[in-house]
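Student: What follows is the file my_file.cif, containing mmCIF, C-alpha atoms:
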data_input
#
loop_
_atom_site.group_PDB
_atom_site.id
_atom_site.type_symbol
_atom_site.label_atom_id
_atom_site.label_comp_id
_atom_site.auth_asym_id
_atom_site.auth_seq_id
_atom_site.Cartn_x
_atom_site.Cartn_y
_atom_site.Cartn_z
ATOM 1 C CA MET C 67 9.176 23.535 -4.862
ATOM 2 C CA LYS C 68 7.884 20.421 -3.105
ATOM 3 C CA ALA C 69 9.912 18.244 -0.696
ATOM 4 C CA ARG C 70 8.911 14.655 0.090
ATOM 5 C CA ILE C 71 10.636 13.531 3.295
ATOM 6 C CA TYR C 72 10.796 9.935 4.583
ATOM 7 C CA VAL C 73 11.737 9.383 8.223
ATOM 8 C CA THR C 74 12.306 5.762 9.258
ATOM 9 C CA LEU C 75 13.677 4.037 12.329
ATOM 10 C CA LYS C 76 17.265 2.826 12.078
ATOM 11 C CA GLU C 77 17.874 -0.934 11.766
ATOM 12 C CA GLY C 78 17.954 -2.562 15.197
ATOM 13 C CA VAL C 79 15.709 0.045 16.815
ATOM 14 C CA LEU C 80 12.563 -1.579 18.231
ATOM 15 C CA ASP C 81 9.497 -0.659 16.150
ATOM 16 C CA PRO C 82 6.375 -1.313 18.254
ATOM 17 C CA GLN C 83 4.106 0.214 15.615
ATOM 18 C CA GLY C 84 5.533 -2.078 12.977
ATOM 19 C CA ALA C 85 5.045 -5.067 15.262
ATOM 20 C CA ALA C 86 1.464 -3.969 15.955
ATOM 21 C CA ILE C 87 0.766 -3.711 12.218
ATOM 22 C CA ARG C 88 2.176 -7.164 11.612
ATOM 23 C CA GLY C 89 0.061 -8.650 14.393
ATOM 24 C CA ALA C 90 -3.100 -6.909 13.231
ATOM 25 C CA LEU C 91 -2.565 -8.058 9.640
ATOM 26 C CA ALA C 92 -2.133 -11.640 10.843
ATOM 27 C CA ASN C 93 -5.344 -11.356 12.880
ATOM 28 C CA LEU C 94 -7.131 -10.184 9.742
ATOM 29 C CA GLY C 95 -5.907 -13.309 7.975
ATOM 30 C CA PHE C 96 -3.090 -11.771 5.941
ATOM 31 C CA GLU C 97 -0.354 -14.376 5.991
ATOM 32 C CA GLY C 98 3.139 -14.064 4.553
ATOM 33 C CA VAL C 99 4.048 -10.707 6.103
ATOM 34 C CA GLU C 100 7.622 -11.273 7.240
ATOM 35 C CA GLY C 101 8.215 -7.761 8.495
ATOM 36 C CA ALA C 102 6.563 -4.376 8.933
ATOM 37 C CA ARG C 103 8.114 -1.024 9.795
ATOM 38 C CA GLN C 104 6.305 2.303 10.085
ATOM 39 C CA GLY C 105 7.828 5.735 9.605
ATOM 40 C CA LYS C 106 6.778 9.283 8.834
ATOM 41 C CA PHE C 107 6.133 10.751 5.406
ATOM 42 C CA ILE C 108 6.205 14.563 5.349
ATOM 43 C CA GLU C 109 5.399 16.791 2.369
ATOM 44 C CA LEU C 110 6.572 20.413 2.470
ATOM 45 C CA VAL C 111 5.688 23.164 -0.001
ATOM 46 C CA LEU C 112 8.637 25.560 -0.173
ATOM 47 C CA MET C 113 8.760 29.074 -1.653
ATOM 48 C CA GLU C 114 12.429 28.489 -2.506
ATOM 49 C CA ASP C 115 13.032 27.957 -6.229
ATOM 50 C CA ASP C 116 16.760 27.360 -6.108
ATOM 51 C CA ARG C 117 17.330 23.603 -5.866
ATOM 52 C CA ASP C 118 20.620 23.757 -3.951
ATOM 53 C CA LYS C 119 19.245 26.204 -1.408
ATOM 54 C CA ALA C 120 16.098 24.110 -1.001
ATOM 55 C CA GLU C 121 18.202 20.977 -0.496
ATOM 56 C CA ALA C 122 20.333 22.660 2.167
ATOM 57 C CA SER C 123 17.339 23.997 4.075
ATOM 58 C CA VAL C 124 15.414 20.695 3.970
ATOM 59 C CA LYS C 125 18.516 18.891 5.238
ATOM 60 C CA ALA C 126 18.756 21.393 8.111
ATOM 61 C CA MET C 127 15.004 20.997 8.855
ATOM 62 C CA CYS C 128 15.454 17.229 9.084
ATOM 63 C CA GLU C 129 18.524 17.473 11.294
ATOM 64 C CA LYS C 130 16.962 20.031 13.652
ATOM 65 C CA LEU C 131 13.324 18.983 13.832
ATOM 66 C CA LEU C 132 11.819 16.402 11.540
ATOM 67 C CA ALA C 133 14.052 13.429 12.388
ATOM 68 C CA ASN C 134 15.574 12.265 15.651
ATOM 69 C CA THR C 135 18.891 11.344 14.092
ATOM 70 C CA VAL C 136 19.888 9.232 17.100
ATOM 71 C CA ILE C 137 17.301 6.569 16.221
ATOM 72 C CA GLU C 138 15.947 7.661 12.839
ATOM 73 C CA ASN C 139 17.209 7.902 9.277
ATOM 74 C CA TYR C 140 15.815 10.452 6.836
ATOM 75 C CA SER C 141 15.803 10.824 3.066
ATOM 76 C CA PHE C 142 14.043 13.289 0.820
ATOM 77 C CA GLU C 143 13.198 14.107 -2.776
ATOM 78 C CA LEU C 144 12.673 17.570 -4.278
ATOM 79 C CA GLU C 145 10.118 18.100 -7.056
ATOM 80 C CA MET D 225 9.000 -8.803 -2.162
ATOM 81 C CA LYS D 226 8.964 -5.386 -0.483
ATOM 82 C CA ALA D 227 5.988 -2.993 -0.390
ATOM 83 C CA ARG D 228 6.419 0.735 0.322
ATOM 84 C CA ILE D 229 3.068 2.216 1.351
ATOM 85 C CA TYR D 230 2.286 5.940 1.656
ATOM 86 C CA VAL D 231 -0.799 6.978 3.621
ATOM 87 C CA THR D 232 -1.708 10.673 3.462
ATOM 88 C CA LEU D 233 -4.656 12.745 4.539
ATOM 89 C CA LYS D 234 -7.105 13.711 1.782
ATOM 90 C CA GLU D 235 -7.150 17.342 0.606
ATOM 91 C CA GLY D 236 -9.385 19.440 2.821
ATOM 92 C CA VAL D 237 -8.937 17.242 5.895
ATOM 93 C CA LEU D 238 -7.441 19.235 8.781
ATOM 94 C CA ASP D 239 -3.829 18.195 9.417
ATOM 95 C CA PRO D 240 -2.872 19.331 12.939
ATOM 96 C CA GLN D 241 0.495 17.556 12.740
ATOM 97 C CA GLY D 242 1.314 19.344 9.526
ATOM 98 C CA ALA D 243 0.328 22.670 11.076
ATOM 99 C CA ALA D 244 2.477 21.885 14.129
ATOM 100 C CA ILE D 245 5.464 21.119 11.887
ATOM 101 C CA ARG D 246 5.009 24.361 9.998
ATOM 102 C CA GLY D 247 4.823 26.359 13.231
ATOM 103 C CA ALA D 248 7.861 24.643 14.731
ATOM 104 C CA LEU D 249 9.904 25.209 11.570
ATOM 105 C CA ALA D 250 8.981 28.911 11.639
ATOM 106 C CA ASN D 251 10.013 29.114 15.300
ATOM 107 C CA LEU D 252 13.365 27.601 14.376
ATOM 108 C CA GLY D 253 13.803 30.356 11.811
ATOM 109 C CA PHE D 254 12.971 28.372 8.663
ATOM 110 C CA GLU D 255 11.053 30.798 6.493
ATOM 111 C CA GLY D 256 9.379 30.072 3.178
ATOM 112 C CA VAL D 257 7.482 26.929 4.194
ATOM 113 C CA GLU D 258 4.097 27.459 2.556
ATOM 114 C CA GLY D 259 2.628 24.141 3.611
ATOM 115 C CA ALA D 260 3.373 20.950 5.531
ATOM 116 C CA ARG D 261 1.448 17.692 5.634
ATOM 117 C CA GLN D 262 2.410 14.548 7.543
ATOM 118 C CA GLY D 263 1.401 11.009 6.690
ATOM 119 C CA LYS D 264 2.499 7.441 7.341
ATOM 120 C CA PHE D 265 5.175 5.534 5.489
ATOM 121 C CA ILE D 266 4.947 1.749 5.960
ATOM 122 C CA GLU D 267 7.386 -0.845 4.645
ATOM 123 C CA LEU D 268 6.239 -4.479 4.479
ATOM 124 C CA VAL D 269 8.379 -7.508 3.660
ATOM 125 C CA LEU D 270 6.170 -10.077 1.934
ATOM 126 C CA MET D 271 6.856 -13.769 1.288
ATOM 127 C CA GLU D 272 4.718 -13.531 -1.860
ATOM 128 C CA ASP D 273 6.783 -13.581 -5.068
ATOM 129 C CA ASP D 274 3.951 -13.199 -7.561
ATOM 130 C CA ARG D 275 3.587 -9.481 -8.299
ATOM 131 C CA ASP D 276 -0.151 -9.529 -9.063
ATOM 132 C CA LYS D 277 -0.958 -11.481 -5.926
ATOM 133 C CA ALA D 278 1.241 -9.193 -3.840
ATOM 134 C CA GLU D 279 -0.487 -6.147 -5.342
ATOM 135 C CA ALA D 280 -3.930 -7.516 -4.558
ATOM 136 C CA SER D 281 -3.061 -8.389 -0.968
ATOM 137 C CA VAL D 282 -1.349 -5.039 -0.259
ATOM 138 C CA LYS D 283 -4.416 -3.251 -1.659
ATOM 139 C CA ALA D 284 -6.637 -5.304 0.657
ATOM 140 C CA MET D 285 -4.322 -4.586 3.621
ATOM 141 C CA CYS D 286 -4.583 -0.865 2.934
ATOM 142 C CA GLU D 287 -8.355 -0.949 2.556
ATOM 143 C CA LYS D 288 -8.921 -3.044 5.701
ATOM 144 C CA LEU D 289 -6.271 -1.762 8.094
ATOM 145 C CA LEU D 290 -3.465 0.537 7.035
ATOM 146 C CA ALA D 291 -5.524 3.460 5.732
ATOM 147 C CA ASN D 292 -8.762 5.010 6.928
ATOM 148 C CA THR D 293 -10.143 5.503 3.453
ATOM 149 C CA VAL D 294 -12.767 7.978 4.684
ATOM 150 C CA ILE D 295 -10.097 10.620 5.358
ATOM 151 C CA GLU D 296 -6.913 9.119 3.947
ATOM 152 C CA ASN D 297 -5.489 8.279 0.525
ATOM 153 C CA TYR D 298 -2.971 5.478 0.048
ATOM 154 C CA SER D 299 -0.489 4.555 -2.653
ATOM 155 C CA PHE D 300 2.182 1.888 -2.761
ATOM 156 C CA GLU D 301 5.157 0.592 -4.713
ATOM 157 C CA LEU D 302 6.336 -3.015 -4.948
ATOM 158 C CA GLU D 303 10.057 -3.809 -5.201
#
Could you write out this file's structure as structure tokens?
Tutor:
Amino acid sequence: MKARIYVTLKEGVLDPQGAAIRGALANLGFEGVEGARQGKFIELVLMEDDRDKAEASVKAMCEKLLANTVIENYSFELE
Amino acid sequence: MKARIYVTLKEGVLDPQGAAIRGALANLGFEGVEGARQGKFIELVLMEDDRDKAEASVKAMCEKLLANTVIENYSFELE
């Protein structure tokens, strides 16, 4: 089973990478970019076939390692 | 209009971050993780309302800045 995990900064948390992207795009002449935020996109290949078990373990992986839940949100999809 | 951009390493390109994630998950006792790959997830808020124009400019942004197309693939969704 495959898990696609999205880790993004919570609203209100300063995003220097997003600001850097926005500035660089403007320097390259791309106008009309009102906002930019960068996060992590993690793909895991799991041996687990049972969907509920996979969901529980991915949630635990996010809580323990993949996301800093103080400043980050996470969401994931299982395929 | 919002653009959700996914930048991932091409197959065959060494992914040290993915390997680090896999090792750390194993150390935390998460077994059954056959593979892990990490990429970037970028959200842009665009003033552009015309879908075709937005698509063209996001493609150009990816090609020029957001993805290193030698070693990375990119895909995006417009909302």
Student: Compile a residue-level contact table for chain C against stretch 242-256 of chain D at a cut-off of 12 Å, reporting for every qualifying residue the shortest atom pair and its distance in Å to one decimal, with only C-alpha atoms counted, rows ordered by chain and ascending number, as a tab-separated table.
Tutor:
residue	atom	partner	partner_atom	distance
C:Met67	CA	D:Gly256	CA	10.4
C:Lys68	CA	D:Gly256	CA	11.6
C:Lys106	CA	D:Gly242	CA	11.5
C:Phe107	CA	D:Gly242	CA	10.7
C:Ile108	CA	D:Gly242	CA	8.0
C:Glu109	CA	D:Gly242	CA	8.6
C:Leu110	CA	D:Arg246	CA	8.6
C:Val111	CA	D:Gly256	CA	8.5
C:Leu112	CA	D:Gly256	CA	5.7
C:Met113	CA	D:Gly256	CA	5.0
C:Glu114	CA	D:Gly256	CA	6.6
C:Asp115	CA	D:Gly256	CA	10.3
C:Lys119	CA	D:Gly256	CA	11.5
C:Ala120	CA	D:Gly256	CA	9.9
C:Ala122	CA	D:Phe254	CA	11.4
C:Ser123	CA	D:Phe254	CA	7.7
C:Val124	CA	D:Phe254	CA	9.3
C:Lys125	CA	D:Phe254	CA	11.5
C:Ala126	CA	D:Phe254	CA	9.1
C:Met127	CA	D:Leu249	CA	7.1
C:Cys128	CA	D:Leu249	CA	10.0
C:Glu129	CA	D:Leu249	CA	11.6
C:Lys130	CA	D:Leu252	CA	8.4
C:Leu131	CA	D:Leu249	CA	7.5
C:Leu132	CA	D:Ile245	CA	7.9
C:Ala133	CA	D:Ile245	CA	11.5
Student: Just so the selection is clear, what residues does the PyMOL selection byres ((chain D and resi 298) around 8) cover here, as a PyMOL selection string?
Tutor: chain D and resi 229-232+286+291+293+296-297+299-300
Student: Please dump the current selection as an mmCIF file, in the coordinates of the input; keep C-alpha atoms.
Tutor:
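And here's selection_29.cif as it stands now:
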data_model
loop_
_atom_site.group_PDB
_atom_site.id
_atom_site.type_symbol
_atom_site.label_atom_id
_atom_site.label_comp_id
_atom_site.auth_asym_id
_atom_site.auth_seq_id
_atom_site.Cartn_x
_atom_site.Cartn_y
_atom_site.Cartn_z
ATOM 1 C CA ILE D 229 3.068 2.216 1.351
ATOM 2 C CA TYR D 230 2.286 5.940 1.656
ATOM 3 C CA VAL D 231 -0.799 6.978 3.621
ATOM 4 C CA THR D 232 -1.708 10.673 3.462
ATOM 5 C CA CYS D 286 -4.583 -0.865 2.934
ATOM 6 C CA ALA D 291 -5.524 3.460 5.732
ATOM 7 C CA THR D 293 -10.143 5.503 3.453
ATOM 8 C CA GLU D 296 -6.913 9.119 3.947
ATOM 9 C CA ASN D 297 -5.489 8.279 0.525
ATOM 10 C CA SER D 299 -0.489 4.555 -2.653
ATOM 11 C CA PHE D 300 2.182 1.888 -2.761
#
Student: What does the distance from atom CA of C:Arg70 to atom CA of D:Gly263 come to in Å, to one decimal?
Tutor: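 Separation between atom CA of C:Arg70 and atom CA of D:Gly263: 10.6 Å.
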Student: Which value, in Å to one decimal, gives the distance between atom CA of D:Asp274 and atom CA of D:Glu303?
Tutor: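 It comes out at 11.4 Å.
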Student: Is it possible to add N, CA, C and O atoms to stretch 240-254 of chain D and hand it back as a PDB file, in the coordinates of the input?
Tutor:
ATOM      1  N   PRO D 240      -3.501  18.637  11.808  1.00  0.00           N
ATOM      2  CA  PRO D 240      -2.872  19.331  12.939  1.00  0.00           C
ATOM      3  C   PRO D 240      -1.369  19.073  13.034  1.00  0.00           C
ATOM      4  O   PRO D 240      -0.605  19.961  13.389  1.00  0.00           O
ATOM      5  N   GLN D 241      -0.946  17.839  12.674  1.00  0.00           N
ATOM      6  CA  GLN D 241       0.495  17.556  12.740  1.00  0.00           C
ATOM      7  C   GLN D 241       1.247  18.404  11.717  1.00  0.00           C
ATOM      8  O   GLN D 241       2.303  18.951  12.010  1.00  0.00           O
ATOM      9  N   GLY D 242       0.675  18.522  10.542  1.00  0.00           N
ATOM     10  CA  GLY D 242       1.314  19.344   9.526  1.00  0.00           C
ATOM     11  C   GLY D 242       1.400  20.797   9.973  1.00  0.00           C
ATOM     12  O   GLY D 242       2.427  21.458   9.819  1.00  0.00           O
ATOM     13  N   ALA D 243       0.331  21.281  10.592  1.00  0.00           N
ATOM     14  CA  ALA D 243       0.328  22.670  11.076  1.00  0.00           C
ATOM     15  C   ALA D 243       1.366  22.842  12.188  1.00  0.00           C
ATOM     16  O   ALA D 243       2.082  23.847  12.247  1.00  0.00           O
ATOM     17  N   ALA D 244       1.488  21.823  13.034  1.00  0.00           N
ATOM     18  CA  ALA D 244       2.477  21.885  14.129  1.00  0.00           C
ATOM     19  C   ALA D 244       3.890  21.927  13.557  1.00  0.00           C
ATOM     20  O   ALA D 244       4.740  22.698  14.019  1.00  0.00           O
ATOM     21  N   ILE D 245       4.143  21.136  12.520  1.00  0.00           N
ATOM     22  CA  ILE D 245       5.464  21.119  11.887  1.00  0.00           C
ATOM     23  C   ILE D 245       5.775  22.497  11.308  1.00  0.00           C
ATOM     24  O   ILE D 245       6.857  23.061  11.520  1.00  0.00           O
ATOM     25  N   ARG D 246       4.797  23.055  10.622  1.00  0.00           N
ATOM     26  CA  ARG D 246       5.009  24.361   9.998  1.00  0.00           C
ATOM     27  C   ARG D 246       5.322  25.431  11.046  1.00  0.00           C
ATOM     28  O   ARG D 246       6.251  26.219  10.898  1.00  0.00           O
ATOM     29  N   GLY D 247       4.578  25.389  12.165  1.00  0.00           N
ATOM     30  CA  GLY D 247       4.823  26.359  13.231  1.00  0.00           C
ATOM     31  C   GLY D 247       6.204  26.186  13.855  1.00  0.00           C
ATOM     32  O   GLY D 247       6.941  27.151  14.079  1.00  0.00           O
ATOM     33  N   ALA D 248       6.565  24.914  14.092  1.00  0.00           N
ATOM     34  CA  ALA D 248       7.861  24.643  14.731  1.00  0.00           C
ATOM     35  C   ALA D 248       9.007  25.061  13.807  1.00  0.00           C
ATOM     36  O   ALA D 248      10.005  25.638  14.258  1.00  0.00           O
ATOM     37  N   LEU D 249       8.851  24.809  12.511  1.00  0.00           N
ATOM     38  CA  LEU D 249       9.904  25.209  11.570  1.00  0.00           C
ATOM     39  C   LEU D 249      10.054  26.741  11.570  1.00  0.00           C
ATOM     40  O   LEU D 249      11.175  27.266  11.584  1.00  0.00           O
ATOM     41  N   ALA D 250       8.923  27.432  11.618  1.00  0.00           N
ATOM     42  CA  ALA D 250       8.981  28.911  11.639  1.00  0.00           C
ATOM     43  C   ALA D 250       9.683  29.376  12.916  1.00  0.00           C
ATOM     44  O   ALA D 250      10.544  30.268  12.888  1.00  0.00           O
ATOM     45  N   ASN D 251       9.367  28.735  14.027  1.00  0.00           N
ATOM     46  CA  ASN D 251      10.013  29.114  15.300  1.00  0.00           C
ATOM     47  C   ASN D 251      11.518  28.878  15.264  1.00  0.00           C
ATOM     48  O   ASN D 251      12.282  29.542  15.954  1.00  0.00           O
ATOM     49  N   LEU D 252      11.926  27.890  14.467  1.00  0.00           N
ATOM     50  CA  LEU D 252      13.365  27.601  14.376  1.00  0.00           C
ATOM     51  C   LEU D 252      14.048  28.514  13.343  1.00  0.00           C
ATOM     52  O   LEU D 252      15.234  28.373  13.077  1.00  0.00           O
ATOM     53  N   GLY D 253      13.226  29.383  12.746  1.00  0.00           N
ATOM     54  CA  GLY D 253      13.803  30.356  11.811  1.00  0.00           C
ATOM     55  C   GLY D 253      13.766  29.920  10.357  1.00  0.00           C
ATOM     56  O   GLY D 253      14.343  30.570   9.485  1.00  0.00           O
ATOM     57  N   PHE D 254      13.078  28.815  10.060  1.00  0.00           N
ATOM     58  CA  PHE D 254      12.971  28.372   8.663  1.00  0.00           C
ATOM     59  C   PHE D 254      11.798  29.101   8.006  1.00  0.00           C
ATOM     60  O   PHE D 254      10.629  28.791   8.282  1.00  0.00           O
TER      61      PHE D 254
END
